[in-house]
Amino acid sequence: MKHCRSCDQHKPLTAFGRRASSPDGLQQKCRECHNARALASNRAWRRANREGLRAYDAGRSSKPERQGSRAAAYAIRKAANPEKVRDFNAAAKAKQRAGGYYSRERSFPSSSPAARAARQSARDAQKVLATPSWADREAIADVYRRCAEITAHTGVPHHVDHIYPLRNSLACGLHVHWNLRVIPARENLRKQNRLPALDGVDATGRISI
Ligand SMILES: [Zn+2]
């Protein structure tokens, strides 16, 4: 729990946005207060600059490339500046291939239902292989039940996380209850297949000794 200076309430850590420069890595105000303030100051600014904004919008919407569809606008831009459009597209593709922010695999999992089903069944198969015969299946089911309860109770989506991931190049975790924990979904997605921090092994599984 963390105290919000703005609404004077104690809220779970997940109710606070991230802020790298704070000692605890979180914003001082809860998301709700933070957003309310941002919205209010945006509205105030728009009110104060109403005339300028109106002129700006009018200027934009009267441009020839904004008269038709998005596709038509793209065609107009491409015809006017073929090299610029080509370079922009090439740069975006390169960034995607490099696995950076725009990498489809990492940041934007394919939304195709078939691709998602394939990933899920590969993961299920992994769980079967990683489940020893002596695993306590009731205890495993309990963890998943607790996860659903926490999600329903807090309204924050939670996932069941394998503390030692099932798929890691150094160590493969087991699908047993003591390797499971319930964490917020966002944290789990960030963690990917990394190992917990160990002496001499960094979070990506590289050995540093
Ligand atoms: Zn607050």
# chains A, B, ... in the order shown; residues from 1 in each chain; ligands from 1
call {"tool": "residues_near_ligand", "arguments": {"ligand": "ligand 1", "cutoff": "7 Å", "atoms": "only C-alpha atoms and all ligand atoms", "output": "MDAnalysis selection string"}}
result
chainID A and resid 4:9 29:33
call {"tool": "write_last_selection", "arguments": {"atoms": "N, CA and C atoms", "output": "mmCIF file, in the first residue's frame"}}
result
data_model
loop_
_atom_site.group_PDB
_atom_site.id
_atom_site.type_symbol
_atom_site.label_atom_id
_atom_site.label_comp_id
_atom_site.auth_asym_id
_atom_site.auth_seq_id
_atom_site.Cartn_x
_atom_site.Cartn_y
_atom_site.Cartn_z
ATOM 1 N N CYS A 4 -1.397 8.307 -1.212
ATOM 2 C CA CYS A 4 -1.477 9.302 -2.282
ATOM 3 C C CYS A 4 -1.584 10.678 -1.642
ATOM 4 N N ARG A 5 -0.669 11.577 -2.030
ATOM 5 C CA ARG A 5 -0.637 12.908 -1.420
ATOM 6 C C ARG A 5 -1.830 13.746 -1.830
ATOM 7 N N SER A 6 -2.453 13.373 -2.938
ATOM 8 C CA SER A 6 -3.509 14.225 -3.462
ATOM 9 C C SER A 6 -4.863 13.891 -2.837
ATOM 10 N N CYS A 7 -5.248 12.595 -2.878
ATOM 11 C CA CYS A 7 -6.571 12.236 -2.325
ATOM 12 C C CYS A 7 -6.453 11.743 -0.887
ATOM 13 N N ASP A 8 -5.206 11.656 -0.347
ATOM 14 C CA ASP A 8 -4.985 11.289 1.054
ATOM 15 C C ASP A 8 -5.489 9.875 1.366
ATOM 16 N N GLN A 9 -5.457 8.988 0.355
ATOM 17 C CA GLN A 9 -5.909 7.614 0.582
ATOM 18 C C GLN A 9 -4.731 6.664 0.449
ATOM 19 N N LYS A 29 1.304 10.704 -6.851
ATOM 20 C CA LYS A 29 -0.162 10.704 -6.861
ATOM 21 C C LYS A 29 -0.655 9.420 -7.510
ATOM 22 N N CYS A 30 -1.802 8.919 -7.035
ATOM 23 C CA CYS A 30 -2.366 7.709 -7.634
ATOM 24 C C CYS A 30 -2.803 8.028 -9.071
ATOM 25 N N ARG A 31 -2.993 6.969 -9.856
ATOM 26 C CA ARG A 31 -3.365 7.165 -11.263
ATOM 27 C C ARG A 31 -4.590 8.046 -11.403
ATOM 28 N N GLU A 32 -5.585 7.794 -10.516
ATOM 29 C CA GLU A 32 -6.846 8.529 -10.609
ATOM 30 C C GLU A 32 -6.603 10.027 -10.461
ATOM 31 N N CYS A 33 -5.839 10.402 -9.410
ATOM 32 C CA CYS A 33 -5.558 11.821 -9.172
ATOM 33 C C CYS A 33 -4.699 12.380 -10.293
#
call {"tool": "residues_around", "arguments": {"residues": "Arg186 (chain A)", "least_positions_apart": "4", "cutoff": "10 Å", "atoms": "only C-alpha atoms", "output": "JSON, numbers by chain"}}
result
{"A": [14, 156, 157, 158, 159, 190, 191]}
call {"tool": "closest_residue", "arguments": {"among": "A:Leu26, A:Ala55, A:Val85, A:Leu39", "to": "Pro12 (chain A)", "atoms": "only C-alpha atoms"}}
result
A:Leu26
call {"tool": "select_by_dssp", "arguments": {"residues": "region 12-137 of chain A", "states": "helix (DSSP H, G or I)", "output": "tab-separated table (two decimals) with N, CA and C atoms, in the first residue's frame"}}
result
chain	number	residue	atom	x	y	z
A	13	LEU	N	-0.07	-0.66	-4.66
A	13	LEU	CA	0.99	-0.12	-5.52
A	13	LEU	C	0.56	-0.07	-6.99
A	14	THR	N	-0.31	-1.02	-7.38
A	14	THR	CA	-0.72	-1.05	-8.79
A	14	THR	C	-1.57	0.15	-9.14
A	15	ALA	N	-2.04	0.92	-8.14
A	15	ALA	CA	-2.86	2.10	-8.42
A	15	ALA	C	-1.98	3.32	-8.74
A	31	ARG	N	-2.99	6.97	-9.86
A	31	ARG	CA	-3.37	7.16	-11.26
A	31	ARG	C	-4.59	8.05	-11.40
A	32	GLU	N	-5.58	7.79	-10.52
A	32	GLU	CA	-6.85	8.53	-10.61
A	32	GLU	C	-6.60	10.03	-10.46
A	33	CYS	N	-5.84	10.40	-9.41
A	33	CYS	CA	-5.56	11.82	-9.17
A	33	CYS	C	-4.70	12.38	-10.29
A	34	HIS	N	-3.71	11.59	-10.72
A	34	HIS	CA	-2.80	12.03	-11.77
A	34	HIS	C	-3.58	12.32	-13.04
A	35	ASN	N	-4.47	11.38	-13.42
A	35	ASN	CA	-5.25	11.55	-14.65
A	35	ASN	C	-6.22	12.71	-14.54
A	36	ALA	N	-6.85	12.84	-13.36
A	36	ALA	CA	-7.82	13.92	-13.18
A	36	ALA	C	-7.12	15.27	-13.37
A	37	ARG	N	-5.92	15.38	-12.83
A	37	ARG	CA	-5.18	16.64	-12.94
A	37	ARG	C	-4.76	16.90	-14.38
A	38	ALA	N	-4.29	15.85	-15.06
A	38	ALA	CA	-3.85	16.01	-16.44
A	38	ALA	C	-5.03	16.44	-17.31
A	39	LEU	N	-6.19	15.82	-17.07
A	39	LEU	CA	-7.38	16.13	-17.85
A	39	LEU	C	-7.79	17.58	-17.61
A	40	ALA	N	-7.77	17.99	-16.32
A	40	ALA	CA	-8.19	19.35	-15.97
A	40	ALA	C	-7.25	20.37	-16.61
A	41	SER	N	-5.93	20.10	-16.56
A	41	SER	CA	-5.02	21.12	-17.09
A	41	SER	C	-5.10	21.14	-18.61
A	42	ASN	N	-5.37	19.98	-19.24
A	42	ASN	CA	-5.54	19.95	-20.69
A	42	ASN	C	-6.77	20.77	-21.08
A	43	ARG	N	-7.89	20.58	-20.32
A	43	ARG	CA	-9.12	21.32	-20.61
A	43	ARG	C	-8.89	22.82	-20.45
A	44	ALA	N	-8.18	23.18	-19.35
A	44	ALA	CA	-7.94	24.61	-19.09
A	44	ALA	C	-7.12	25.21	-20.24
A	45	TRP	N	-6.12	24.45	-20.69
A	45	TRP	CA	-5.27	24.96	-21.77
A	45	TRP	C	-6.09	25.14	-23.04
A	46	ARG	N	-6.96	24.16	-23.35
A	46	ARG	CA	-7.77	24.24	-24.56
A	46	ARG	C	-8.73	25.44	-24.49
A	47	ARG	N	-9.25	25.69	-23.25
A	47	ARG	CA	-10.15	26.84	-23.10
A	47	ARG	C	-9.40	28.13	-23.34
A	48	ALA	N	-8.19	28.21	-22.78
A	48	ALA	CA	-7.41	29.44	-22.89
A	48	ALA	C	-6.94	29.69	-24.32
A	50	ARG	N	-8.57	28.68	-27.20
A	50	ARG	CA	-9.65	28.24	-28.08
A	50	ARG	C	-9.52	28.78	-29.51
A	51	GLU	N	-9.23	30.09	-29.62
A	51	GLU	CA	-9.18	30.70	-30.96
A	51	GLU	C	-8.05	30.12	-31.80
A	52	GLY	N	-6.89	30.02	-31.17
A	52	GLY	CA	-5.74	29.48	-31.89
A	52	GLY	C	-6.00	28.06	-32.35
A	53	LEU	N	-6.61	27.24	-31.48
A	53	LEU	CA	-6.89	25.85	-31.83
A	53	LEU	C	-7.86	25.77	-33.00
A	54	ARG	N	-8.88	26.64	-32.97
A	54	ARG	CA	-9.89	26.63	-34.03
A	54	ARG	C	-9.22	26.93	-35.37
A	55	ALA	N	-8.33	27.94	-35.37
A	55	ALA	CA	-7.65	28.31	-36.61
A	55	ALA	C	-6.76	27.16	-37.09
A	56	TYR	N	-6.09	26.50	-36.11
A	56	TYR	CA	-5.20	25.39	-36.45
A	56	TYR	C	-5.99	24.25	-37.08
A	57	ASP	N	-7.13	23.88	-36.45
A	57	ASP	CA	-7.95	22.79	-36.96
A	57	ASP	C	-8.49	23.12	-38.34
A	58	ALA	N	-8.94	24.39	-38.52
A	58	ALA	CA	-9.50	24.78	-39.81
A	58	ALA	C	-8.43	24.67	-40.88
A	59	GLY	N	-7.21	25.11	-40.55
A	59	GLY	CA	-6.12	25.04	-41.51
A	59	GLY	C	-5.82	23.61	-41.91
A	60	ARG	N	-5.82	22.71	-40.92
A	60	ARG	CA	-5.51	21.31	-41.20
A	60	ARG	C	-6.59	20.66	-42.06
A	61	SER	N	-7.86	20.88	-41.68
A	61	SER	CA	-8.90	20.14	-42.37
A	61	SER	C	-9.13	20.65	-43.79
A	64	PRO	N	-5.67	19.61	-48.95
A	64	PRO	CA	-6.22	18.67	-49.94
A	64	PRO	C	-6.10	17.21	-49.50
A	65	GLU	N	-4.98	16.87	-48.81
A	65	GLU	CA	-4.80	15.45	-48.45
A	65	GLU	C	-5.73	15.02	-47.33
A	66	ARG	N	-6.44	16.00	-46.70
A	66	ARG	CA	-7.35	15.62	-45.62
A	66	ARG	C	-8.81	15.59	-46.09
A	70	ARG	N	-8.12	7.98	-45.49
A	70	ARG	CA	-6.74	7.83	-45.07
A	70	ARG	C	-5.88	7.30	-46.21
A	71	ALA	N	-6.43	6.30	-46.94
A	71	ALA	CA	-5.69	5.70	-48.04
A	71	ALA	C	-5.41	6.73	-49.11
A	72	ALA	N	-6.42	7.61	-49.38
A	72	ALA	CA	-6.23	8.64	-50.39
A	72	ALA	C	-5.15	9.61	-49.94
A	73	ALA	N	-5.18	9.96	-48.62
A	73	ALA	CA	-4.18	10.88	-48.08
A	73	ALA	C	-2.79	10.28	-48.23
A	74	TYR	N	-2.67	8.98	-47.97
A	74	TYR	CA	-1.38	8.30	-48.10
A	74	TYR	C	-0.91	8.35	-49.54
A	75	ALA	N	-1.83	8.11	-50.49
A	75	ALA	CA	-1.47	8.12	-51.91
A	75	ALA	C	-0.96	9.50	-52.32
A	76	ILE	N	-1.62	10.55	-51.78
A	76	ILE	CA	-1.20	11.91	-52.11
A	76	ILE	C	0.20	12.18	-51.56
A	77	ARG	N	0.43	11.80	-50.29
A	77	ARG	CA	1.75	12.01	-49.68
A	77	ARG	C	2.82	11.26	-50.46
A	78	LYS	N	2.50	10.04	-50.85
A	78	LYS	CA	3.48	9.18	-51.53
A	78	LYS	C	3.81	9.76	-52.90
A	79	ALA	N	2.79	10.29	-53.60
A	79	ALA	CA	3.03	10.86	-54.92
A	79	ALA	C	3.87	12.12	-54.82
A	80	ALA	N	3.63	12.90	-53.74
A	80	ALA	CA	4.35	14.17	-53.60
A	80	ALA	C	5.78	13.95	-53.14
A	82	PRO	N	7.90	10.65	-52.87
A	82	PRO	CA	8.10	9.19	-52.90
A	82	PRO	C	9.29	8.72	-52.06
A	83	GLU	N	10.42	9.48	-52.09
A	83	GLU	CA	11.60	9.02	-51.34
A	83	GLU	C	11.34	9.06	-49.84
A	84	LYS	N	10.68	10.15	-49.40
A	84	LYS	CA	10.44	10.32	-47.98
A	84	LYS	C	9.57	9.18	-47.43
A	85	VAL	N	8.52	8.85	-48.17
A	85	VAL	CA	7.61	7.78	-47.73
A	85	VAL	C	8.35	6.45	-47.73
A	86	ARG	N	9.16	6.21	-48.79
A	86	ARG	CA	9.89	4.94	-48.88
A	86	ARG	C	10.87	4.81	-47.70
A	87	ASP	N	11.62	5.89	-47.41
A	87	ASP	CA	12.59	5.85	-46.31
A	87	ASP	C	11.89	5.63	-44.96
A	88	PHE	N	10.75	6.30	-44.79
A	88	PHE	CA	10.02	6.15	-43.52
A	88	PHE	C	9.59	4.71	-43.32
A	89	ASN	N	9.03	4.10	-44.39
A	89	ASN	CA	8.56	2.72	-44.29
A	89	ASN	C	9.72	1.76	-44.04
A	90	ALA	N	10.87	2.01	-44.72
A	90	ALA	CA	12.03	1.14	-44.55
A	90	ALA	C	12.53	1.22	-43.10
A	91	ALA	N	12.55	2.44	-42.54
A	91	ALA	CA	13.03	2.63	-41.17
A	91	ALA	C	12.12	1.91	-40.19
A	92	ALA	N	10.81	1.99	-40.42
A	92	ALA	CA	9.85	1.34	-39.52
A	92	ALA	C	10.04	-0.17	-39.56
A	93	LYS	N	10.25	-0.72	-40.77
A	93	LYS	CA	10.46	-2.17	-40.91
A	93	LYS	C	11.73	-2.60	-40.21
A	94	ALA	N	12.81	-1.80	-40.38
A	94	ALA	CA	14.09	-2.15	-39.76
A	94	ALA	C	13.95	-2.19	-38.24
A	95	LYS	N	13.22	-1.21	-37.71
A	95	LYS	CA	13.02	-1.13	-36.27
A	95	LYS	C	12.27	-2.37	-35.79
A	96	GLN	N	11.27	-2.78	-36.57
A	96	GLN	CA	10.48	-3.94	-36.22
A	96	GLN	C	11.34	-5.20	-36.21
A	97	ARG	N	12.19	-5.34	-37.25
A	97	ARG	CA	13.07	-6.52	-37.34
A	97	ARG	C	14.06	-6.54	-36.20
A	104	ARG	N	6.70	-6.69	-33.46
A	104	ARG	CA	5.36	-7.25	-33.35
A	104	ARG	C	5.35	-8.38	-32.33
A	105	GLU	N	6.42	-9.19	-32.33
A	105	GLU	CA	6.47	-10.35	-31.44
A	105	GLU	C	6.40	-9.95	-29.97
A	106	ARG	N	7.21	-8.93	-29.61
A	106	ARG	CA	7.35	-8.61	-28.19
A	106	ARG	C	6.22	-7.72	-27.68
A	107	SER	N	5.96	-6.61	-28.38
A	107	SER	CA	5.06	-5.63	-27.81
A	107	SER	C	3.60	-5.83	-28.23
A	113	PRO	N	-6.71	-14.93	-34.03
A	113	PRO	CA	-7.12	-15.98	-33.08
A	113	PRO	C	-6.33	-17.27	-33.30
A	114	ALA	N	-6.02	-17.60	-34.55
A	114	ALA	CA	-5.28	-18.84	-34.83
A	114	ALA	C	-3.88	-18.78	-34.23
A	115	ALA	N	-3.21	-17.62	-34.39
A	115	ALA	CA	-1.86	-17.48	-33.86
A	115	ALA	C	-1.89	-17.56	-32.34
A	116	ARG	N	-2.91	-16.96	-31.73
A	116	ARG	CA	-3.01	-16.98	-30.27
A	116	ARG	C	-3.27	-18.41	-29.77
A	117	ALA	N	-4.14	-19.14	-30.49
A	117	ALA	CA	-4.46	-20.51	-30.09
A	117	ALA	C	-3.21	-21.38	-30.20
A	118	ALA	N	-2.40	-21.16	-31.23
A	118	ALA	CA	-1.18	-21.94	-31.42
A	118	ALA	C	-0.22	-21.69	-30.28
A	119	ARG	N	-0.07	-20.42	-29.88
A	119	ARG	CA	0.84	-20.09	-28.77
A	119	ARG	C	0.34	-20.72	-27.48
A	120	GLN	N	-0.98	-20.66	-27.28
A	120	GLN	CA	-1.55	-21.19	-26.04
A	120	GLN	C	-1.34	-22.70	-25.95
A	121	SER	N	-1.53	-23.42	-27.08
A	121	SER	CA	-1.41	-24.87	-27.00
A	121	SER	C	0.04	-25.29	-26.83
A	122	ALA	N	0.97	-24.52	-27.40
A	122	ALA	CA	2.40	-24.80	-27.18
A	122	ALA	C	2.72	-24.65	-25.70
A	123	ARG	N	2.14	-23.62	-25.09
A	123	ARG	CA	2.38	-23.33	-23.68
A	123	ARG	C	1.76	-24.43	-22.80
A	124	ASP	N	0.54	-24.87	-23.18
A	124	ASP	CA	-0.11	-25.94	-22.42
A	124	ASP	C	0.72	-27.21	-22.46
A	125	ALA	N	1.26	-27.52	-23.66
A	125	ALA	CA	2.08	-28.73	-23.81
A	125	ALA	C	3.30	-28.63	-22.91
A	126	GLN	N	3.89	-27.43	-22.85
A	126	GLN	CA	5.05	-27.20	-22.00
A	126	GLN	C	4.71	-27.49	-20.54
A	127	LYS	N	3.49	-27.07	-20.14
A	127	LYS	CA	3.07	-27.27	-18.75
A	127	LYS	C	2.94	-28.75	-18.44
A	128	VAL	N	2.40	-29.50	-19.40
A	128	VAL	CA	2.23	-30.95	-19.19
A	128	VAL	C	3.60	-31.59	-19.00
A	129	LEU	N	4.55	-31.24	-19.89
A	129	LEU	CA	5.90	-31.80	-19.81
A	129	LEU	C	6.58	-31.42	-18.50
A	137	ARG	N	-1.66	-31.50	-7.71
A	137	ARG	CA	-2.54	-30.83	-8.67
A	137	ARG	C	-3.60	-29.97	-7.99
call {"tool": "atom_distance", "arguments": {"atom1": "CA of Arg181 (chain A)", "atom2": "CA of Ala141 (chain A)"}}
result
11.9 Å
call {"tool": "closest_residue", "arguments": {"among": "A:Cys172, A:Leu166, A:Ile183, A:Leu195", "to": "Val143 (chain A)", "atoms": "only C-alpha atoms"}}
result
A:Ile183
call {"tool": "select_by_dssp", "arguments": {"residues": "chain A", "states": "strand (DSSP E)", "output": "PyMOL selection string"}}
result
chain A and resi 2-3+10-11+16-18+26-30+158-162+180-184
call {"tool": "write_last_selection", "arguments": {"atoms": "N, CA and C atoms", "output": "PDB file, in the first residue's frame"}}
result
ATOM      1  N   LYS A   2       0.365   2.305  -0.596  1.00  0.00           N
ATOM      2  CA  LYS A   2       1.115   3.544  -0.688  1.00  0.00           C
ATOM      3  C   LYS A   2       0.125   4.704  -0.523  1.00  0.00           C
ATOM      4  N   HIS A   3       0.620   5.755   0.128  1.00  0.00           N
ATOM      5  CA  HIS A   3      -0.238   6.907   0.406  1.00  0.00           C
ATOM      6  C   HIS A   3      -0.219   7.862  -0.775  1.00  0.00           C
ATOM      7  N   HIS A  10      -4.861   5.506   1.108  1.00  0.00           N
ATOM      8  CA  HIS A  10      -3.863   4.445   0.928  1.00  0.00           C
ATOM      9  C   HIS A  10      -4.377   3.504  -0.133  1.00  0.00           C
ATOM     10  N   LYS A  11      -3.553   3.280  -1.171  1.00  0.00           N
ATOM     11  CA  LYS A  11      -3.989   2.437  -2.288  1.00  0.00           C
ATOM     12  C   LYS A  11      -2.913   1.413  -2.603  1.00  0.00           C
ATOM     13  N   PHE A  16      -0.646   3.120  -8.712  1.00  0.00           N
ATOM     14  CA  PHE A  16       0.258   4.233  -8.983  1.00  0.00           C
ATOM     15  C   PHE A  16       1.027   4.000 -10.282  1.00  0.00           C
ATOM     16  N   GLY A  17       1.180   5.052 -11.081  1.00  0.00           N
ATOM     17  CA  GLY A  17       1.949   4.959 -12.319  1.00  0.00           C
ATOM     18  C   GLY A  17       3.432   4.893 -12.016  1.00  0.00           C
ATOM     19  N   ARG A  18       4.226   4.567 -13.029  1.00  0.00           N
ATOM     20  CA  ARG A  18       5.658   4.444 -12.810  1.00  0.00           C
ATOM     21  C   ARG A  18       6.342   5.798 -12.969  1.00  0.00           C
ATOM     22  N   LEU A  26       7.702   4.943  -8.285  1.00  0.00           N
ATOM     23  CA  LEU A  26       6.280   5.191  -8.565  1.00  0.00           C
ATOM     24  C   LEU A  26       5.955   6.678  -8.450  1.00  0.00           C
ATOM     25  N   GLN A  27       4.845   7.072  -9.092  1.00  0.00           N
ATOM     26  CA  GLN A  27       4.365   8.443  -8.987  1.00  0.00           C
ATOM     27  C   GLN A  27       3.931   8.733  -7.550  1.00  0.00           C
ATOM     28  N   GLN A  28       3.923  10.020  -7.165  1.00  0.00           N
ATOM     29  CA  GLN A  28       3.475  10.378  -5.820  1.00  0.00           C
ATOM     30  C   GLN A  28       1.961  10.369  -5.722  1.00  0.00           C
ATOM     31  N   LYS A  29       1.304  10.704  -6.851  1.00  0.00           N
ATOM     32  CA  LYS A  29      -0.162  10.704  -6.861  1.00  0.00           C
ATOM     33  C   LYS A  29      -0.655   9.420  -7.510  1.00  0.00           C
ATOM     34  N   CYS A  30      -1.802   8.919  -7.035  1.00  0.00           N
ATOM     35  CA  CYS A  30      -2.366   7.709  -7.634  1.00  0.00           C
ATOM     36  C   CYS A  30      -2.803   8.028  -9.071  1.00  0.00           C
ATOM     37  N   HIS A 158      -4.743 -10.163 -12.860  1.00  0.00           N
ATOM     38  CA  HIS A 158      -3.566 -10.853 -12.344  1.00  0.00           C
ATOM     39  C   HIS A 158      -3.321 -12.122 -13.138  1.00  0.00           C
ATOM     40  N   HIS A 159      -2.078 -12.558 -13.215  1.00  0.00           N
ATOM     41  CA  HIS A 159      -1.710 -13.802 -13.868  1.00  0.00           C
ATOM     42  C   HIS A 159      -1.036 -14.722 -12.862  1.00  0.00           C
ATOM     43  N   VAL A 160      -1.043 -16.029 -13.167  1.00  0.00           N
ATOM     44  CA  VAL A 160      -0.221 -16.959 -12.409  1.00  0.00           C
ATOM     45  C   VAL A 160       1.139 -16.983 -13.089  1.00  0.00           C
ATOM     46  N   ASP A 161       2.181 -16.690 -12.317  1.00  0.00           N
ATOM     47  CA  ASP A 161       3.531 -16.596 -12.864  1.00  0.00           C
ATOM     48  C   ASP A 161       4.356 -17.789 -12.419  1.00  0.00           C
ATOM     49  N   HIS A 162       5.188 -18.323 -13.324  1.00  0.00           N
ATOM     50  CA  HIS A 162       6.150 -19.350 -12.942  1.00  0.00           C
ATOM     51  C   HIS A 162       7.404 -18.634 -12.464  1.00  0.00           C
ATOM     52  N   LEU A 180       4.784 -21.382  -8.371  1.00  0.00           N
ATOM     53  CA  LEU A 180       3.740 -20.494  -8.889  1.00  0.00           C
ATOM     54  C   LEU A 180       3.486 -19.365  -7.911  1.00  0.00           C
ATOM     55  N   ARG A 181       3.193 -18.185  -8.455  1.00  0.00           N
ATOM     56  CA  ARG A 181       2.751 -17.074  -7.609  1.00  0.00           C
ATOM     57  C   ARG A 181       1.822 -16.208  -8.440  1.00  0.00           C
ATOM     58  N   VAL A 182       0.980 -15.452  -7.758  1.00  0.00           N
ATOM     59  CA  VAL A 182       0.013 -14.582  -8.425  1.00  0.00           C
ATOM     60  C   VAL A 182       0.584 -13.178  -8.458  1.00  0.00           C
ATOM     61  N   ILE A 183       0.728 -12.615  -9.660  1.00  0.00           N
ATOM     62  CA  ILE A 183       1.232 -11.244  -9.765  1.00  0.00           C
ATOM     63  C   ILE A 183       0.369 -10.482 -10.754  1.00  0.00           C
ATOM     64  N   PRO A 184       0.403  -9.120 -10.689  1.00  0.00           N
ATOM     65  CA  PRO A 184      -0.378  -8.342 -11.644  1.00  0.00           C
ATOM     66  C   PRO A 184       0.021  -8.712 -13.079  1.00  0.00           C
TER      67      PRO A 184
END
call {"tool": "closest_residue", "arguments": {"among": "A:Ile163, A:Gly155, A:Glu149, A:Leu174", "to": "Ser133 (chain A)", "atoms": "only C-alpha atoms"}}
result
A:Leu174
call {"tool": "closest_residue", "arguments": {"among": "A:Pro23, A:Thr131, A:Arg194, A:Lys63", "to": "Arg167 (chain A)", "atoms": "only C-alpha atoms"}}
result
A:Arg194
call {"tool": "atom_distance", "arguments": {"atom1": "CA of Glu187 (chain A)", "atom2": "CA of Pro132 (chain A)"}}
result
26.8 Å
